[in-house]
Each structure stands twice: as C-alpha cells, then as structure tokens.
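Student: My questions all concern the structure below.
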2 protein chains.
Amino acid sequence: MLNIQIEKTNQPKQKPEPEELVFGAVFTDHMFVMDYEISQGWHNPKIVPYQPITLEPSAMVFHYGQEMFEGMKAYKGVDGRVLLFRPEKNIERTNKTNDRICIPQIDEDDMLQAIKALVDIDKDWIPNAGGTALYIRPFIIATDPYLGVRPSNTYKFMVIACPVGAYYKEGINPVKIWVETEYVRAVPGGVGEAKTGGNYAASIKAQMKAKERGYTQVLWLDGVERKYVEEVGTMNVFFKINGEIITPELTGSILAGVTRNSVIELLNAWGERVVERRITIDEIYEAHKAGILEEVFGTGTAAVISPVGELNYRGDMITINNNEIGALSQKIYDTITGLQTGAIKDEFGWTVEV
Amino acid sequence: MLNIQIEKTNQPKQKPEPEELVFGAVFTDHMFVMDYEISQGWHNPKIVPYQPITLEPSAMVFHYGQEMFEGMKAYKGVDGRVLLFRPEKNIERTNKTNDRICIPQIDEDDMLQAIKALVDIDKDWIPNAGGTALYIRPFIIATDPYLGVRPSNTYKFMVIACPVGAYYKEGINPVKIWVETEYVRAVPGGVGEAKTGGNYAASIKAQMKAKERGYTQVLWLDGVERKYVEEVGTMNVFFKINGEIITPELTGSILAGVTRNSVIELLNAWGERVVERRITIDEIYEAHKAGILEEVFGTGTAAVISPVGELNYRGDMITINNNEIGALSQKIYDTITGLQTGAIKDEFGWTVEV
C-alpha cells in the first residue's frame with residue numbers, strides 16, 4: 001500500500017468543451033510520480049499539479065529508449081460511478097514489458113492504487129458524452145545520467161491523463177488500410193510484444209507513407225516470411241471469414257491487446273467460432289475472391305473497434321462488406337463500450353470501480 | 001552558417017583526473033542546443049552552461065521513442081591541435097537515421113559548426129593521455145506534448161560531451177562474446193541501420209544475459225534465418241580467415257559504422273584482401289576447426305578495436321588466436337588511433353581540425 005503524498009493544484013485549468021475533445025493533447029490538473037533507485041526500490045509516490053519534468057540531457061531515456069507505457073481509460077458510468085476497464089491486464093502487461101527491456105518490476109497493487117488515486121482526484125475531468133473517456137497514460141522512463149549502454153539505475157514512473165473524444169475523427173466509419181510490404185514492425189526475438197517506445201518510432205515511416213497514399217493506417221506483415229498478418233496500425237486485427245472469426249496468434253512479435261483479449265472472450269461467451277492462428281495476407285485475399293471475407297476490424301484501447309473498409313496489397317484493392325461496418329463489429333463495439341460505461345451489466349467482472 | 005548565441009558558464013566544474021576517467025558519466029561545462037518547429041525549421045542555436053532540460057511529461061520522446069543519437073570523438077593532437085575524426089560520416093548518418101524515423105533533416109554544415117563550436121569552447125576538457133578523448137554526443141529528441149502516434153512537430157537537437165578513458169576497462173585485451181540465439185537486434189525493414197534509441201533498449205536484455213554468464217557482450221545473428229552474423233554488442237565485427245578479412249555486408253539491419261568503414265578503407269590501402277559479405281556463424285566455427293580463423297575483432301567509436309578472444313555458440317566455446325590480440329587487429333588499432341591523434345600523418349583526409 002503506497003503512502004501517496006498529495007499536493008493539490010491551486011490553479012485548476014479550464015476543462016475543454018465536449019465537442020472540442022481531441023486525443024492526447026489536453027491533460028488534467030494532476031499527475032502521479034514515483035521514483036526508483038536500486039537502494040530504495042520504487043519510492044516517493046506522490047500526486048502533484050501537472051507540470052513539466054526536468055532531466056539531465058544525458059538521461060538514458062533520451063539516448064537508448066529505455067521506456068515503456070500503457071494506455072487505458074476511465075469512464076463516467078451511466079449511474080455516476082467511475083469505472084476502469086480490466087486495469088489488471090494493463091498492469092500485468094507493464095511488468096512483461098519491464099522484463100523485456102530490463103526496467104524493474106512494479107508492484108501490481110501499487111500501480112492500481114496510483115491509477116485510481118489520480119483518476120479520483122481528477123474525476124471531474126472525465127467527460128460523459130458517448131465515445132468520450134478519460135485516457136490514462138502510465139509510463140516509465142530511464143533517468144540515469146550515463147551514456148553507456150546498460151539498464152538504468154534510476155527510473156521515473158508517472159501517470160498522466162487526458163479527456164478524449166473518439167480516436168479516429170471519422171468515428172466508427174470503416175478505414176482504408178495499406179498493406180505494408182517494405183517496412184517491418186517487429187520480429188520474434190525482438191520487442192514487438194512489449195509496449196515500448198522504439199516500436200512506435202519504428203512504425204511512423206510506414207504510417208506516413210500510407211497517409212500520403214490516402215490510407216489511414218498500415219497492416220503489418222511478419223518480419224521473417226513477410227506474409228503473415230500481424231497488426232493494423234497500433235491495433236490488433238480480426239477477420240470474419242465464412243462465419244469464423246480469426247485473429248493472429250501471439251507469436252512474440254504481436255502486442256497482447258487488452259481489447260483483443262476482451263473480444264475473444266466475448267465471442268466465446270456468445271458461442272461464436274473464434275480462433276487464434278497465423279493467417280497470411282494471401283488467405284485474406286482468397287477469402288475475398290471467394291466472397292467469404294465478411295468483416296475486418298482492428299481492436300485497441302483508443303478506438304475500441306475500428307472497422308476496415310478497404311485493403312490495398314501491392315496495388316490490389318479490395319472493399320470489405322461494401323465499406324460498411326459489419327453487424328458483428330457493431331455488436332462487439334456496442335457491447336464493449338456498454339460494459340465500459342456500465343450501461344450493460346458486467347457479467348465478466350471486467351469493470352473496476354474507482 | 002548558424003548564428004550561435006553563446007552563454008559561458010561562470011561556474012566552471014572541476015575536471016576529472018586522467019586516471020579517474022570513465023565512459024559517459026562526467027560532462028563538460030557547456031552544451032549546444034537548437035530547436036525545431038515546423039514554421040521556423042531548426043532555429044535558436046545556442047551554447048549554454050551544461051544543465052538539465054525541462055519537458056512536458058507528454059513529450060513524445062518519453063512515449064514513442066522518436067529520438068536519435070551519434071557518437072564521435074575529439075582528440076588532443078600530438079602537436080596541440082584539436083582533431084575530429086571523419087565527422088562528416090556521423091553527420092551523414094544523422095540524416096539517414098532522421099529519415100528512417102521521420103525527424104526533420106539537419107543541415108550538414110550547421111551540424112559540423114555546432115560540434116566544432118562546443119568542442120572549441122570546452123577544449124580544455126579534452127584529455128591527452130593515451131586512449132583518452134573527448135566523447136561527443138549529438139542527439140535529437142521529439143518534444144511535442146501529444147500522445148497520438150505520428151511524427152513530432154517539435155524537436156530539440158543537442159550536443160553534449162564528456163572526457164573519456166578507454167570504453168572497456170580491460171583495455172584492448174580480448175573479450176569473451178556470447179552468440180545470442182534467443183533475442184534478435186534487428187531485421188531488414190526495421191530500424192537496425194538507424195542510430196535510434198529503440199535498438200539499444202531492445203539489446204539490453206541479451207547483454208545482461210551474456211554478462212550473467214561471464215561474457216562481455218553478445219554477437220547478434222540475423223533475425224530472419226538466425227544464422228548470419230550481424231554485429232557484436234554495439235560494434236561492427238570483422239573476421240580474419242585464412243588471410244582474408246570478412247565483415248558482414250550492410251543489408252539494412254546493420255549499423256554502417258564509421259570505424260567499420262575506416263577499417264575497410266585502411267585494409268584496402270594496405271593491399272589486404274577484405275570483403276563485405278554475409279557470413280554464417282557455422283562458417284566461423286568451421287574455419288576455427290580447420291585452424292584458419294586467425295582473428296576476430298569488433299569496431300566502434302567507443303572502443304575503436306575490440307579483439308574477440310572467445311566465442312560461445314550454444315555451449316560450444318572456441319578460443320581465437322590463443323586469446324591474444326592479433327597482429328592485424330593491433331596494427332589497425334595503432335594506425336587508427338595514430339591518425340586520430342595526429343601521431344601518424346593523415347593521408348586519407350580523415351581528420352578535421354577544430
């Protein structure tokens with residue numbers, strides 16, 4: 001149990017109007033900060049007014065990318081309760097990422113307490129219009145002022161939060177996706193399943209290339225055989241083919257998404273046929289030719305469900321479900337967002353009240 | 001030509017004694033800083049007292065690893081001149097890295113001017129004992145306070161510097177290297193040839209594993225077939241087999257080292273047989289069995305030449321050149337360090353006077 005020192009702001013900021021909400025640009029009044037050093041472990045937990053941080057220019061995070069983050073949301077429930085969605089999954093993944101990039105483990109209960117404490121102090125910042133939420137960003141950075149390549153001896157764990165509207169401005173409309181054949185996101189033995197900055201820096205170039213061609217995001221193929229589907233942009237991906245729902249299995253280069261896992265559990269509960277296995281881009285295109293590619297959608301915390309309306313693989317464009325959101329995609333979206341806000345009774349035990 | 005504003009420190013720090021020099025821990029009195037924003041490009045170049053920097057906690061560098069760095073050295077020449085070694089190669093590579101991770105290009109002349117200006121103002125910090133130098137660290141970080149994944153709109157370019165002793169405490173003694181078979185450093189289509197933080201964060205786990213087993217560093221195999229040799233630790237690698245010198249060719253996942261290039265040019269000038277090609281770890285072991293694996297050495301700015309005395313591949317240990325530095329390795333080391341300090345006449349045009 002952390003003994004969190006709290007310093008409240010005496011200059012609360014103006015909250016944005018619901019219609020002005022964008023993703024990730026406006027932050028709440030406070031932030032959580034906790035330090036690590038070898039002799040003390042994680043210590044000095046505190047909530048302070050949201051403010052800049054000061055680091056040595058030699059801090060390892062600036063040079064060797066030893067950093068991790070998580071993304072989750074708090075919802076203003078229909079009954080006024082404040083709900084988190086499966087925070088234990090993000091916390092579990094935090095320690096998996098930490099293990100991969102040699103950041104010290106963080107106590108799971110402490111991390112949940114930190115998140116809850118920040119959400120609670122800034123609960124008036126949680127918007128309640130449909131599709132809005134308080135996005136929560138826990139992250140850890142290596143702060144050691146040292147230029148040799150090794151794990152840092154000191155770290156900062158922080159939690160910041162921002163009220164957000166929908167991630168994609170198009171809303172839940174289907175997006176156009178470019179199948180990337182030149183650049184690779186990750187490979188087994190690498191850090192693809194860790195939520196660490198380098199994966200995202202590496203992805204920007206392909207994303208820009210797709211945008212220039214009029215596509216919203218890229219679909220990543222595996223880095224070894226360059227034919228297996230991995231992720232779409234920063235989301236996991238699902239295909240409904242002839243009534244069966246397929247998502248790439250977690251082979252080490254794919255992020256184990258919380259929404260991905262929720263979708264699988266939901267489909268199982270509904271008695272749908274859902275399978276995790278490797279699937280090639282050729283199989284997707286063959287299914288389309290055969291008229292049995294019914295739906296394609298991405299899953300992630302930011303967008304929840306993002307239907308794919310078009311794929312472009314080496315110039316071969318296909319349109320999925322007449323460029324409309326599929327019935328199953330819509331049902332999953334409605335159910336997960338309903339569970340998140342408490343509008344649908346949570347029989348999974350997924351929501352955690354702050 | 002930059003108009004660099006200079007603010008000199010009025011509290012010069014105590015310089016470390018030559019025998020106290022370690023790598024990357026003590027910094028000089030000043031630093032160079034320049035900002036970027038879209039409307040102004042790179043602007044506001046200045047040299048200020050070495051000091052911490054302040055960023056928003058949402059600055060993109062903390063979350064998405066959009067960051068790059070270079071490493072180079074300044075030497076106190078035997079005749080008192082201050083020499084840089086092939087800085088144009090580092091500057092050229094800076095823009096290659098920038099291109100890969102979507103950081104704006106930086107003018108090559110401006111970057112050289114910035115480096116020279118900092119070295120000049122802190123020239124009394126350059127140590128002159130053998131093997132010592134002023135290590136120079138130019139780096140760029142994404143500073144945009146925004147949590148969406150896209151290129152940052154603002155950046156900071158900085159140059160910091162530290163007087164350094166030898167990178168490896170063991171000096172130029174041969175090191176023990178663990179051939180890594182579980183973790184992968186990079187893959188074609190990824191960012192392995194870019195000098196960006198994520199590559200280094202991804203490498204730490206294997207490095208720690210090697211250290212626990214009593215090895216100094218790892219030898220990386222390619223991420224696709226897991227058999228071709230790529231790099232050793234954070235260095236390029238060379239093998240002398242039956243009189244021929246072989247180094248892995250640059251296939252996109254290997255950093256194009258400045259020392260690597262200098263070694264190749266030197267060997268060519270000496271009329272040695274040197275070839276850049278893919279080489280498997282099995283070929284290395286077979287050469288050893290046949291008694292024709294004569295020398296193995298890593299090359300990099302920090303260590304210059306680092307002989308490999310032992311390799312361990314899946315438990316199969318081999319000793320190279322009786323665990324002694326080879327004649328060719330020694331000759332290359334002596335020549336490059338001689339050129340760097342001006343002790344040997346520079347007929348290559350590699351040294352640049354500050």
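Ordering of the structure tokens sets the chain letters (A, B, ...); residue numbers start at 1 within each chain; ligands are numbered from 1 in the order shown.
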Excluding B:Asp122 and any residue of its chain fewer than 3 positions from it, enumerate the residues within 9 Å of it, using only C-alpha atoms, and give them as an MDAnalysis selection string.

Tutor: chainID B and resid 28:30 117:119 125:126 161

Student: As a PyMOL selection string, please: all residues of stretch 71-245 of chain B that backbone DSSP puts in helix (DSSP H, G or I).

Tutor: chain B and resi 87-100+108-121+123-125+197-212

Student: Counting only C-alpha atoms, which residues in chain B sit no more than 6 Å from chain A? For each one, give the nearest pair of atoms and the distance in Å, sorted by chain then residue number, as a tab-separated table.

Tutor:
residue	atom	partner	partner_atom	distance
B:Gly24	CA	A:Leu147	CA	4.5
B:Ala25	CA	A:Tyr146	CA	5.0
B:Pro52	CA	A:Glu56	CA	4.3
B:Ile53	CA	A:Thr54	CA	5.5
B:Thr54	CA	A:Thr54	CA	4.3
B:Leu55	CA	A:Pro52	CA	5.2
B:Glu56	CA	A:Pro52	CA	4.3
B:Pro57	CA	A:Pro52	CA	5.9
B:His63	CA	A:Gly197	CA	5.3
B:Tyr64	CA	A:Gly197	CA	3.8
B:Gly65	CA	A:Gly197	CA	4.2
B:Gln66	CA	A:Ala201	CA	4.9
B:Ile101	CA	A:Ala201	CA	6.0
B:Tyr146	CA	A:Ala25	CA	5.1
B:Leu147	CA	A:Gly24	CA	4.5
B:Arg150	CA	A:Ile204	CA	6.0
B:Glu182	CA	A:Gly189	CA	5.9
B:Tyr183	CA	A:Gly189	CA	4.1
B:Val184	CA	A:Gly189	CA	4.8
B:Gly189	CA	A:Tyr183	CA	4.1
B:Gly190	CA	A:Val184	CA	5.2
B:Gly197	CA	A:Tyr64	CA	3.8
B:Gly198	CA	A:Gly198	CA	3.9
B:Tyr200	CA	A:Tyr64	CA	5.1
B:Ala201	CA	A:Gln66	CA	4.9
B:Ile204	CA	A:Arg150	CA	6.0
B:Val224	CA	A:Val224	CA	4.9

Student: Have a look at A:Asn128, A:Gln113, A:Thr335, A:Gln5 and name the one nearest to A:Leu21; count only C-alpha atoms.

Tutor: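 Of A:Asn128, A:Gln113, A:Thr335, A:Gln5, the one nearest A:Leu21, counting only C-alpha atoms, is A:Asn128.
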
Student: Taking only stretch 67-248 of chain A into account, list the residues labelled strand (DSSP E) by DSSP (computed from the backbone), as a PyMOL selection string.

Tutor: chain A and resi 67-69+72-76+82-85+133-142+154-164+175-179+217-221+229-232+236-241+244-247

Student: Fewer than 2 positions away in the same chain doesn't count, so skip those; otherwise give me all residues within 12 Å of A:Gly41, counting only C-alpha atoms, as JSON, numbers by chain.

Tutor: {"A": [34, 35, 36, 37, 38, 39, 43, 44, 45, 103, 104, 105, 106, 107, 153, 154, 155, 156, 157]}

Student: Write out as a list of chain:residue names the residues lying within 12 Å of A:Ile320, counting only C-alpha atoms and excluding same-chain residues fewer than 5 positions away.

Tutor: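 Residues meeting the cut-off are A:Pro174, A:Val175, A:Lys176, A:Ile177, A:Phe239, A:Lys240, A:Ile241, A:Ile284, A:Tyr285, A:Ala287, A:His288, A:Lys289, A:Gly291, A:Ile292, A:Leu293, A:Glu294, A:Glu295, A:Val296, A:Phe297, A:Pro307, A:Val308, A:Gly309, A:Glu310, A:Leu311, A:Asn312, A:Ile325, A:Gly326.
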
Student: Using N, CA, C and O atoms, can you export the residues from the last selection as a short mmCIF file (atom, residue, chain, number, x, y, z; two decimals), in the first residue's frame?

Tutor:
data_model
loop_
_atom_site.label_atom_id
_atom_site.label_comp_id
_atom_site.auth_asym_id
_atom_site.auth_seq_id
_atom_site.Cartn_x
_atom_site.Cartn_y
_atom_site.Cartn_z
N PRO A 174 -15.62 2.80 -41.40
CA PRO A 174 -14.52 1.95 -41.87
C PRO A 174 -13.35 2.77 -42.39
O PRO A 174 -13.53 3.83 -42.99
N VAL A 175 -12.14 2.27 -42.14
CA VAL A 175 -10.93 2.95 -42.58
C VAL A 175 -10.26 2.19 -43.72
O VAL A 175 -10.49 0.99 -43.91
N LYS A 176 -9.45 2.94 -44.47
CA LYS A 176 -8.69 2.35 -45.58
C LYS A 176 -7.30 1.98 -45.08
O LYS A 176 -6.61 2.81 -44.49
N ILE A 177 -6.88 0.77 -45.35
CA ILE A 177 -5.63 0.25 -44.79
C ILE A 177 -4.67 -0.18 -45.91
O ILE A 177 -5.06 -0.90 -46.82
N PHE A 239 -10.45 -10.97 -38.47
CA PHE A 239 -11.09 -11.23 -39.76
C PHE A 239 -12.26 -12.18 -39.54
O PHE A 239 -12.12 -13.21 -38.87
N LYS A 240 -13.41 -11.84 -40.12
CA LYS A 240 -14.54 -12.79 -40.11
C LYS A 240 -14.63 -13.39 -41.50
O LYS A 240 -14.88 -12.69 -42.48
N ILE A 241 -14.34 -14.69 -41.57
CA ILE A 241 -14.32 -15.40 -42.85
C ILE A 241 -15.29 -16.58 -42.77
O ILE A 241 -15.10 -17.48 -41.95
N ILE A 284 -6.42 -13.96 -46.89
CA ILE A 284 -7.44 -12.90 -46.79
C ILE A 284 -7.98 -12.57 -48.19
O ILE A 284 -9.19 -12.47 -48.40
N TYR A 285 -7.04 -12.41 -49.11
CA TYR A 285 -7.43 -12.03 -50.47
C TYR A 285 -8.20 -13.16 -51.16
O TYR A 285 -9.16 -12.90 -51.90
N ALA A 287 -10.07 -15.34 -49.60
CA ALA A 287 -11.41 -15.35 -48.99
C ALA A 287 -12.29 -14.27 -49.62
O ALA A 287 -13.48 -14.48 -49.88
N HIS A 288 -11.67 -13.13 -49.90
CA HIS A 288 -12.43 -12.05 -50.54
C HIS A 288 -12.90 -12.46 -51.93
O HIS A 288 -14.07 -12.24 -52.31
N LYS A 289 -11.98 -13.10 -52.67
CA LYS A 289 -12.33 -13.55 -54.02
C LYS A 289 -13.47 -14.56 -53.99
O LYS A 289 -14.35 -14.57 -54.86
N GLY A 291 -15.73 -14.57 -51.89
CA GLY A 291 -16.94 -13.94 -51.36
C GLY A 291 -17.25 -14.30 -49.91
O GLY A 291 -18.38 -14.15 -49.45
N ILE A 292 -16.24 -14.76 -49.18
CA ILE A 292 -16.50 -15.16 -47.78
C ILE A 292 -15.73 -14.31 -46.76
O ILE A 292 -15.71 -14.62 -45.58
N LEU A 293 -15.09 -13.21 -47.23
CA LEU A 293 -14.46 -12.28 -46.28
C LEU A 293 -15.55 -11.31 -45.82
O LEU A 293 -15.89 -10.36 -46.52
N GLU A 294 -16.09 -11.57 -44.65
CA GLU A 294 -17.30 -10.84 -44.22
C GLU A 294 -17.00 -9.53 -43.49
O GLU A 294 -17.64 -8.52 -43.73
N GLU A 295 -16.02 -9.58 -42.56
CA GLU A 295 -15.71 -8.37 -41.80
C GLU A 295 -14.22 -8.36 -41.46
O GLU A 295 -13.60 -9.41 -41.29
N VAL A 296 -13.66 -7.17 -41.36
CA VAL A 296 -12.29 -6.98 -40.87
C VAL A 296 -12.34 -5.80 -39.90
O VAL A 296 -12.95 -4.78 -40.20
N PHE A 297 -11.73 -5.97 -38.73
CA PHE A 297 -11.70 -4.84 -37.79
C PHE A 297 -10.47 -4.88 -36.91
O PHE A 297 -9.94 -5.94 -36.59
N PRO A 307 -13.48 -0.61 -37.80
CA PRO A 307 -13.72 -1.47 -38.96
C PRO A 307 -12.82 -1.08 -40.13
O PRO A 307 -12.53 0.10 -40.34
N VAL A 308 -12.40 -2.09 -40.87
CA VAL A 308 -11.58 -1.86 -42.06
C VAL A 308 -12.49 -1.98 -43.28
O VAL A 308 -13.17 -3.00 -43.46
N GLY A 309 -12.51 -0.93 -44.10
CA GLY A 309 -13.39 -0.91 -45.28
C GLY A 309 -12.67 -1.27 -46.57
O GLY A 309 -13.29 -1.69 -47.54
N GLU A 310 -11.34 -1.05 -46.57
CA GLU A 310 -10.58 -1.29 -47.79
C GLU A 310 -9.17 -1.72 -47.44
O GLU A 310 -8.55 -1.21 -46.52
N LEU A 311 -8.67 -2.67 -48.21
CA LEU A 311 -7.26 -3.08 -48.09
C LEU A 311 -6.59 -2.87 -49.44
O LEU A 311 -7.21 -3.08 -50.49
N ASN A 312 -5.32 -2.44 -49.39
CA ASN A 312 -4.52 -2.32 -50.61
C ASN A 312 -3.22 -3.08 -50.42
O ASN A 312 -2.37 -2.69 -49.64
N ILE A 325 -19.73 -0.80 -41.73
CA ILE A 325 -19.39 -1.56 -40.53
C ILE A 325 -20.23 -2.85 -40.50
O ILE A 325 -21.42 -2.83 -40.81
N GLY A 326 -19.61 -3.96 -40.17
CA GLY A 326 -20.31 -5.23 -40.14
C GLY A 326 -21.17 -5.37 -38.89
O GLY A 326 -20.95 -4.69 -37.88
#

Student: Residues within 8 Å of stretch 85-94 of chain A, please, as a list in words. Count only C-alpha atoms; anything in the same chain fewer than 2 positions from it doesn't count.

Tutor: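 In the requested format, the answer is Met68, Phe69, Glu70, Gly71, Met72, Lys73, Ala74, Leu83, Lys96, Thr97, Asn98, Glu108, Met111, Leu112, Ala194, Lys195, Val258, Gln340, Trp350, Thr351 and Val352 of chain A.
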